[in-house]
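Asks: Quick one: the structure is below, questions incoming.
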Amino acid sequence: MEIPYTVAERPDTGLNNVKLGIWLFLASEVMLFGGLFSAYILLRMGATEWPLGSTLLNVPIGTFNTAVLIGSSVTMVMAHASLKLGNFDKFRLYMGLTILLAFTFLGVKGYEYWEKITHDHLPAQNTYLAIYWTLTGLHGLHIVGGIIVNSYFWGPGSAMWRTKREQFINRVEAAGLYWHFVDLVWIFLFPVLYLL
Amino acid sequence: MENVTTAEQIAHAEHGHEEHELSFLQTYVFSQDHKVIGIQYAVTAMLFLLFGFSLMMLMRWSLAFPGASLPVIGNLLGQTNAPGGIMLPEFYNQLGAMHGTIMVFLGVVPLAVGGFGNFVLPLQIGAPDMAFPKLNMFSYWAFFLGGVVMIASFFAPGGAANSGWTSYAPLSVIATQGQTWWLIGMIFLITSSLLGAINFIVTAIQLRAPGLSFMRLPFFVWAQLVTAFLLLLAFPPLEAAGVLQLMDRLVGTSFFMPAGLVVTDQPLEYSGGGSPLLWQHLFWFLAHPEVYVLILPAMGIVAEIVATNTRKPLWGYKALVGSLVFLGFMSFVVWAHHMFMTGMGTTMSSFFQTTTMIISIPSVVILSALFISLYGGSIRFPVPMLFALAFLPMFGIGGLTGLPLGLSAPDLHFHDTYYVIGHFHYVVAPGTILALFAGIYHWYPKATGRVMNELLGKIHFWGSFIAMNVVFMPMFITGLAGVNRRLYDGGLEYAHAQDVLGWNVVSSYGAWTLGFFQIFFIFNFFWSIRHGKQVDDNPWKATTLEWQAPSPPPHGNFTTPPEVHRGPYEYSVPGAATDFTMQGQASDPDPEPAQV
């Protein structure tokens, strides 16, 4: 017996296994970042003084990075749509762009980190910097994870396009959902850490 | 029987055509078959349970005879832990922290969820395997690695984690290196649980056999489904907390460190501004749902066994399922009843004591329904039924003694006394662990094709049942007397504990007796693999789908894809040919009744 609904949707649930699985994974991710955001709120409410993010962080650079990530979400959608339309070359192009933008984000983030380190703004300094480093660091790890998955589908994983086309499209869609989530986390992180 | 063997032969023949032989490693070590993974989980978890229990047997010596030299074993513990065979308080603390951690995260949960869930759930829903077999393999190995890290931490400088299984900050932040190992181990275990939970939910929702609607699911599957949701949503905040504590320990942040801490006259070098309460909130946000992760699969197992051995349907199936879902939901909003004594304020306390009282309602509904299920049944008493029947009053005691703890006023007196230990051990040890034993005896024939020895099983049951009560009942007495639960000498130094010190000795003898009776189980478990009585595919004459598969089920589980025509517990249906009607049996008079 084969495992059913790996590709096709189950009629009564309207989902295939991969899509349900990735949504459940994202639900757990919401709880992970939810826990950290709650920690942020609790610490800030209990703090006697809390620095304004914009005095320590570089807002224009942060804004630029936000744009980069939103852009990468758009190219991710285009990559998936290209597959749906059967245009593999376009998929390679857009997926490549997504990965490139992700690297851009990491590069900019790395520059910000380097600036913090040279100004001695380390996590042990105060609670604000501690939560800044932890949240952005964990988010950065999620970006790295996304780059690995996306690169796999861009490179060796794309052999599936010729053998199991439907399954490949599903996988790219799941990777896309994850990528949008990582993007969404940043959209919360940016105002909370940089602006408030 | 003849039908079975032919069916099996056909299955094997078919497999021969479509698949090449798997190597030994692929079949038994890096297997992707849910049954093998289930057995891997179960055996590993049982080893951890034994190990965790052994730690407790050591601790019981220190509690019963503080300051006395531990005979024979004492010298093996090493001069740093037990000079001259006398256990040091520091070592006792390590044992205490690791006992809790191992029993909960490496023993009961992997056995109840990883073991039974993996083995039974796909069979009960008529699926060929879990939805993501590879992920399943990874979750086992993540669990295994986490376990290795935890055990290895005993050899870290300063020994294993010693701040309790709750790892309360700031104590845990300034503790020895073992705590870092503990955190890394936990991150592996959490990852394993998350992957497992996703797999269970997708499997239960997507891979149900045709005709198996949600309200036809066996109660065990429901229990596993709700459990998986708890694991999925409650564990990530602990992962977050673990990351924060790692930052505190390794990078020097102060998430959980308030300003101005002084340890042995030395001010600590932390910027301060953190909150020890934050750790407790994040920890208990996981750890209270975790209690239900421990108990719900046990309830599921007991429900299956009760229905099978009373030969009548479960009483109030819909109420059971409704209560279960409500229980799962409510378990997310009761966590701070562990924190009445932290000074979080009376408003918080009244909120959480109210939710705690509310959550006791579905628990009582479930337990009552199981009790009422016994009424009017023609009860059989095989070994699994003995364990399941013992679960009911034992869980009852555990639950009822919890009520005073859920109210903030009496909790002032009970908090951190042996009463608390007695309470939750009644839920988890004579409760869950008896249910897990019941499950092992019940599904053993499905995994091996043989039943475990009846006489050894009965000795194991009566010995364990009585010994467990001897261990835990005295704790209510010492607890009511106000003896603190964290003392390595069992309260020797305190005037108010003097009258009840004798009960520590009783408790300890109970624990060692309990250990002795496990020998019968361990022997039985291995002996029966080859020498147990051979039985057919459905030895208990049960109705659910797993008994329709061959024993042991081949790769892919079912010889013919099962179809479901009825609810899970159609026992003693008037007019039916036998006193059980299997879920896969068609409603019309079946032209080929040899389906079983």
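By convention here, the chains of the structure tokens are called A, B, ... in the order presented, each chain's residues are numbered starting at 1, and ligands are numbered starting at 1 in the order presented.
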Skip Val192 (chain A) itself and residues of its chain fewer than 5 positions away, then list as a list of chain:residue names all residues within 10 Å of it, counting only C-alpha atoms.
Replies: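 Everything that qualifies: A:Phe37, A:Tyr40, A:Ile41, A:Gly53, A:Tyr132, A:Trp186, A:Ile187.
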Asks: Keeping only C-alpha atoms, take the residues you just selected and write them out as a PDB file, in the first residue's frame.
Replies:
ATOM      1  CA  PHE A  37       7.471  38.281  21.905  1.00  0.00           C
ATOM      2  CA  TYR A  40       9.784  40.952  25.257  1.00  0.00           C
ATOM      3  CA  ILE A  41       6.503  42.449  26.484  1.00  0.00           C
ATOM      4  CA  GLY A  53      15.123  51.347  19.334  1.00  0.00           C
ATOM      5  CA  TYR A 132      17.369  42.293  20.068  1.00  0.00           C
ATOM      6  CA  TRP A 186      10.437  40.228  10.324  1.00  0.00           C
ATOM      7  CA  ILE A 187       7.509  42.514   9.651  1.00  0.00           C
TER       8      ILE A 187
END
Asks: Determine, counting only C-alpha atoms, which protein, DNA and RNA residues have an atom within 8 Å of an atom of Met76 (chain A); residues of the same chain fewer than 6 positions away are not included. Present the result as a list in words.
Replies: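 Listed by chain and then number, they are Tyr94, Met95, Thr98, Gly176 and Trp179 of chain A.
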Asks: Would you pick out the contacts of region 79-87 of chain A at 12 Å or less, using only C-alpha atoms, so that residues sharing its chain but fewer than 2 positions from it are not included, and give the list as a ChimeraX atom specification?
Replies: /A:72-77,89-99,150,153-154,158,160-162,165-177,179
Asks: Save out the residues we just selected, N, CA and C atoms, as a short mmCIF file (atom, residue, chain, number, x, y, z; two decimals), in the first residue's frame.
Replies:
data_model
loop_
_atom_site.label_atom_id
_atom_site.label_comp_id
_atom_site.auth_asym_id
_atom_site.auth_seq_id
_atom_site.Cartn_x
_atom_site.Cartn_y
_atom_site.Cartn_z
N SER A 72 11.66 39.50 -1.66
CA SER A 72 11.94 38.08 -1.83
C SER A 72 10.67 37.24 -1.72
N SER A 73 9.71 37.72 -0.94
CA SER A 73 8.42 37.02 -0.88
C SER A 73 7.72 37.09 -2.23
N VAL A 74 7.81 38.28 -2.87
CA VAL A 74 7.18 38.43 -4.18
C VAL A 74 7.82 37.47 -5.19
N THR A 75 9.16 37.43 -5.21
CA THR A 75 9.81 36.55 -6.18
C THR A 75 9.50 35.08 -5.88
N MET A 76 9.30 34.77 -4.59
CA MET A 76 8.93 33.39 -4.23
C MET A 76 7.58 33.02 -4.83
N VAL A 77 6.62 33.96 -4.73
CA VAL A 77 5.31 33.72 -5.34
C VAL A 77 5.46 33.51 -6.84
N ASP A 89 12.22 27.50 -16.64
CA ASP A 89 13.32 28.47 -16.68
C ASP A 89 12.99 29.69 -15.83
N LYS A 90 11.74 30.15 -15.94
CA LYS A 90 11.31 31.30 -15.13
C LYS A 90 11.40 30.97 -13.65
N PHE A 91 11.01 29.70 -13.31
CA PHE A 91 11.11 29.27 -11.92
C PHE A 91 12.54 29.41 -11.42
N ARG A 92 13.48 28.92 -12.24
CA ARG A 92 14.90 29.01 -11.84
C ARG A 92 15.31 30.46 -11.61
N LEU A 93 14.87 31.33 -12.50
CA LEU A 93 15.21 32.74 -12.39
C LEU A 93 14.68 33.33 -11.08
N TYR A 94 13.35 33.13 -10.83
CA TYR A 94 12.74 33.75 -9.66
C TYR A 94 13.25 33.13 -8.36
N MET A 95 13.42 31.81 -8.37
CA MET A 95 13.94 31.15 -7.18
C MET A 95 15.35 31.65 -6.89
N GLY A 96 16.14 31.78 -7.96
CA GLY A 96 17.50 32.31 -7.81
C GLY A 96 17.47 33.71 -7.20
N LEU A 97 16.54 34.54 -7.69
CA LEU A 97 16.40 35.89 -7.14
C LEU A 97 16.04 35.86 -5.66
N THR A 98 15.12 34.94 -5.30
CA THR A 98 14.71 34.82 -3.90
C THR A 98 15.92 34.53 -3.02
N ILE A 99 16.74 33.58 -3.48
CA ILE A 99 17.92 33.20 -2.70
C ILE A 99 18.89 34.38 -2.61
N ASN A 150 15.50 26.42 -0.16
CA ASN A 150 15.27 27.01 -1.49
C ASN A 150 16.39 26.65 -2.46
N PHE A 153 15.86 23.23 -3.80
CA PHE A 153 14.84 23.15 -4.87
C PHE A 153 15.33 23.84 -6.14
N TRP A 154 16.21 24.81 -5.97
CA TRP A 154 16.75 25.50 -7.15
C TRP A 154 17.74 24.57 -7.88
N SER A 158 15.49 20.07 -8.01
CA SER A 158 14.62 20.38 -9.15
C SER A 158 14.58 19.25 -10.17
N MET A 160 13.24 16.67 -9.70
CA MET A 160 11.88 16.14 -9.56
C MET A 160 10.92 16.72 -10.59
N TRP A 161 11.26 17.88 -11.13
CA TRP A 161 10.38 18.53 -12.12
C TRP A 161 10.11 17.58 -13.28
N ARG A 162 11.12 16.78 -13.63
CA ARG A 162 10.93 15.86 -14.75
C ARG A 162 10.25 14.56 -14.32
N ARG A 165 6.27 15.82 -11.24
CA ARG A 165 6.02 17.24 -11.39
C ARG A 165 5.09 17.80 -10.31
N GLU A 166 3.95 17.12 -10.10
CA GLU A 166 2.95 17.63 -9.14
C GLU A 166 3.55 17.75 -7.74
N GLN A 167 4.28 16.71 -7.36
CA GLN A 167 4.87 16.70 -6.03
C GLN A 167 5.89 17.83 -5.86
N PHE A 168 6.63 18.08 -6.93
CA PHE A 168 7.63 19.14 -6.87
C PHE A 168 6.97 20.50 -6.66
N ILE A 169 5.87 20.72 -7.40
CA ILE A 169 5.16 22.00 -7.25
C ILE A 169 4.65 22.15 -5.81
N ASN A 170 4.12 21.05 -5.25
CA ASN A 170 3.65 21.09 -3.86
C ASN A 170 4.76 21.44 -2.89
N ARG A 171 5.92 20.86 -3.15
CA ARG A 171 7.05 21.10 -2.23
C ARG A 171 7.46 22.57 -2.28
N VAL A 172 7.52 23.10 -3.50
CA VAL A 172 7.91 24.51 -3.64
C VAL A 172 6.87 25.39 -2.95
N GLU A 173 5.60 24.99 -3.05
CA GLU A 173 4.56 25.78 -2.40
C GLU A 173 4.76 25.77 -0.88
N ALA A 174 5.09 24.59 -0.34
CA ALA A 174 5.33 24.49 1.11
C ALA A 174 6.53 25.34 1.52
N ALA A 175 7.60 25.27 0.71
CA ALA A 175 8.77 26.11 1.00
C ALA A 175 8.38 27.58 0.96
N GLY A 176 7.49 27.92 0.02
CA GLY A 176 7.03 29.30 -0.11
C GLY A 176 6.26 29.74 1.13
N LEU A 177 5.38 28.87 1.63
CA LEU A 177 4.61 29.22 2.83
C LEU A 177 5.56 29.51 3.99
N TRP A 179 8.63 30.49 3.72
CA TRP A 179 9.36 31.73 3.44
C TRP A 179 8.52 32.95 3.78
#
Asks: Calculated over only C-alpha atoms, which of the candidates B:Ala131, B:Val365, B:Leu286, B:Val263 has the smallest distance to chain A?
Replies: B:Ala131
Asks: Find the residues of chain A in contact range of chain B, meaning any atom within 8 Å when counting only C-alpha atoms, and list them as a tab-separated table (two decimals) with C-alpha atoms, in the first residue's frame.
Replies:
chain	number	residue	atom	x	y	z
A	1	MET	CA	0.00	0.00	0.00
A	2	GLU	CA	1.25	3.47	-0.89
A	3	ILE	CA	0.73	6.35	1.52
A	4	PRO	CA	-2.29	8.20	0.16
A	5	TYR	CA	-2.72	11.95	-0.41
A	6	THR	CA	0.98	12.75	-0.73
A	10	ARG	CA	-8.12	14.32	0.25
A	13	THR	CA	-10.37	17.70	4.15
A	16	ASN	CA	-2.76	17.10	0.87
A	17	ASN	CA	-0.40	15.83	3.57
A	20	LEU	CA	-1.39	20.30	6.31
A	21	GLY	CA	2.05	19.42	7.65
A	24	LEU	CA	1.03	22.75	11.52
A	25	PHE	CA	4.76	23.45	11.52
A	27	ALA	CA	1.56	27.02	13.94
A	28	SER	CA	4.34	25.74	16.18
A	29	GLU	CA	6.62	28.48	14.85
A	31	MET	CA	4.10	29.71	19.30
A	32	LEU	CA	7.91	29.86	19.32
A	33	PHE	CA	8.09	33.50	18.29
A	34	GLY	CA	4.93	34.18	20.31
A	35	GLY	CA	6.79	33.00	23.40
A	36	LEU	CA	9.69	35.30	22.61
A	39	ALA	CA	9.03	37.60	26.91
A	42	LEU	CA	6.96	41.14	30.02
A	43	LEU	CA	10.55	42.36	30.25
A	46	GLY	CA	8.91	45.38	34.13
A	47	ALA	CA	11.82	47.57	33.09
A	123	PRO	CA	23.72	41.18	24.39
A	124	ALA	CA	25.07	41.21	27.94
A	125	GLN	CA	24.87	45.04	28.03
A	126	ASN	CA	21.17	45.36	28.81
A	127	THR	CA	17.89	43.54	28.37
A	130	ALA	CA	19.71	40.91	24.77
A	134	THR	CA	18.15	36.81	20.42
Asks: Could you pull the residues within 8 Å of region 401-408 of chain B, counting only C-alpha atoms, minus those fewer than 6 positions along the same chain, as a list in words?
Replies: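 Residues meeting the cut-off are His337, Phe340, Ser349, Ser350, Gln353, Thr356, Met357, Phe414, His415, Val420, His423 and Phe424 of chain B.
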Asks: Would you mind exporting the chosen residues as a compact mmCIF listing (two decimals), in the first residue's frame, restricted to C-alpha atoms?
Replies:
# COMPACT_ATOMS: atom_id res chain seq x y z
CA HIS B 337 -1.70 27.46 39.28
CA PHE B 340 0.45 30.75 43.46
CA SER B 349 -4.31 33.66 41.35
CA SER B 350 -8.10 33.89 41.28
CA GLN B 353 -7.79 28.86 40.30
CA THR B 356 -8.26 25.02 37.26
CA MET B 357 -11.62 24.21 38.80
CA PHE B 414 0.64 22.31 50.61
CA HIS B 415 3.01 24.06 48.25
CA VAL B 420 2.41 17.67 45.94
CA HIS B 423 -0.55 14.01 44.21
CA PHE B 424 1.19 14.11 40.88
Asks: Tell me, in Å to one decimal, how far CA of Gly482 (chain B) is from CA of Asp499 (chain B).
Replies: 11.2 Å
Asks: Of the candidates A:Ile61, A:Val149, A:Ile22, A:Ile131, which shows the shortest atom-to-atom distance to Tyr111 (chain A), using only C-alpha atoms?
Replies: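 That would be A:Ile61, the residue with the smallest distance to Tyr111 (chain A).
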Asks: Could you check the closest approach to Glu112 (chain A) for each of A:Thr136, A:Thr163, A:Thr66, A:Asn58 and tell me which residue wins, using only C-alpha atoms?
Replies: A:Asn58
Asks: Between CA of Leu456 (chain B) and CA of Phe521 (chain B), what is the distance, to one decimal in Å?
Replies: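 The value is 7.1 Å.
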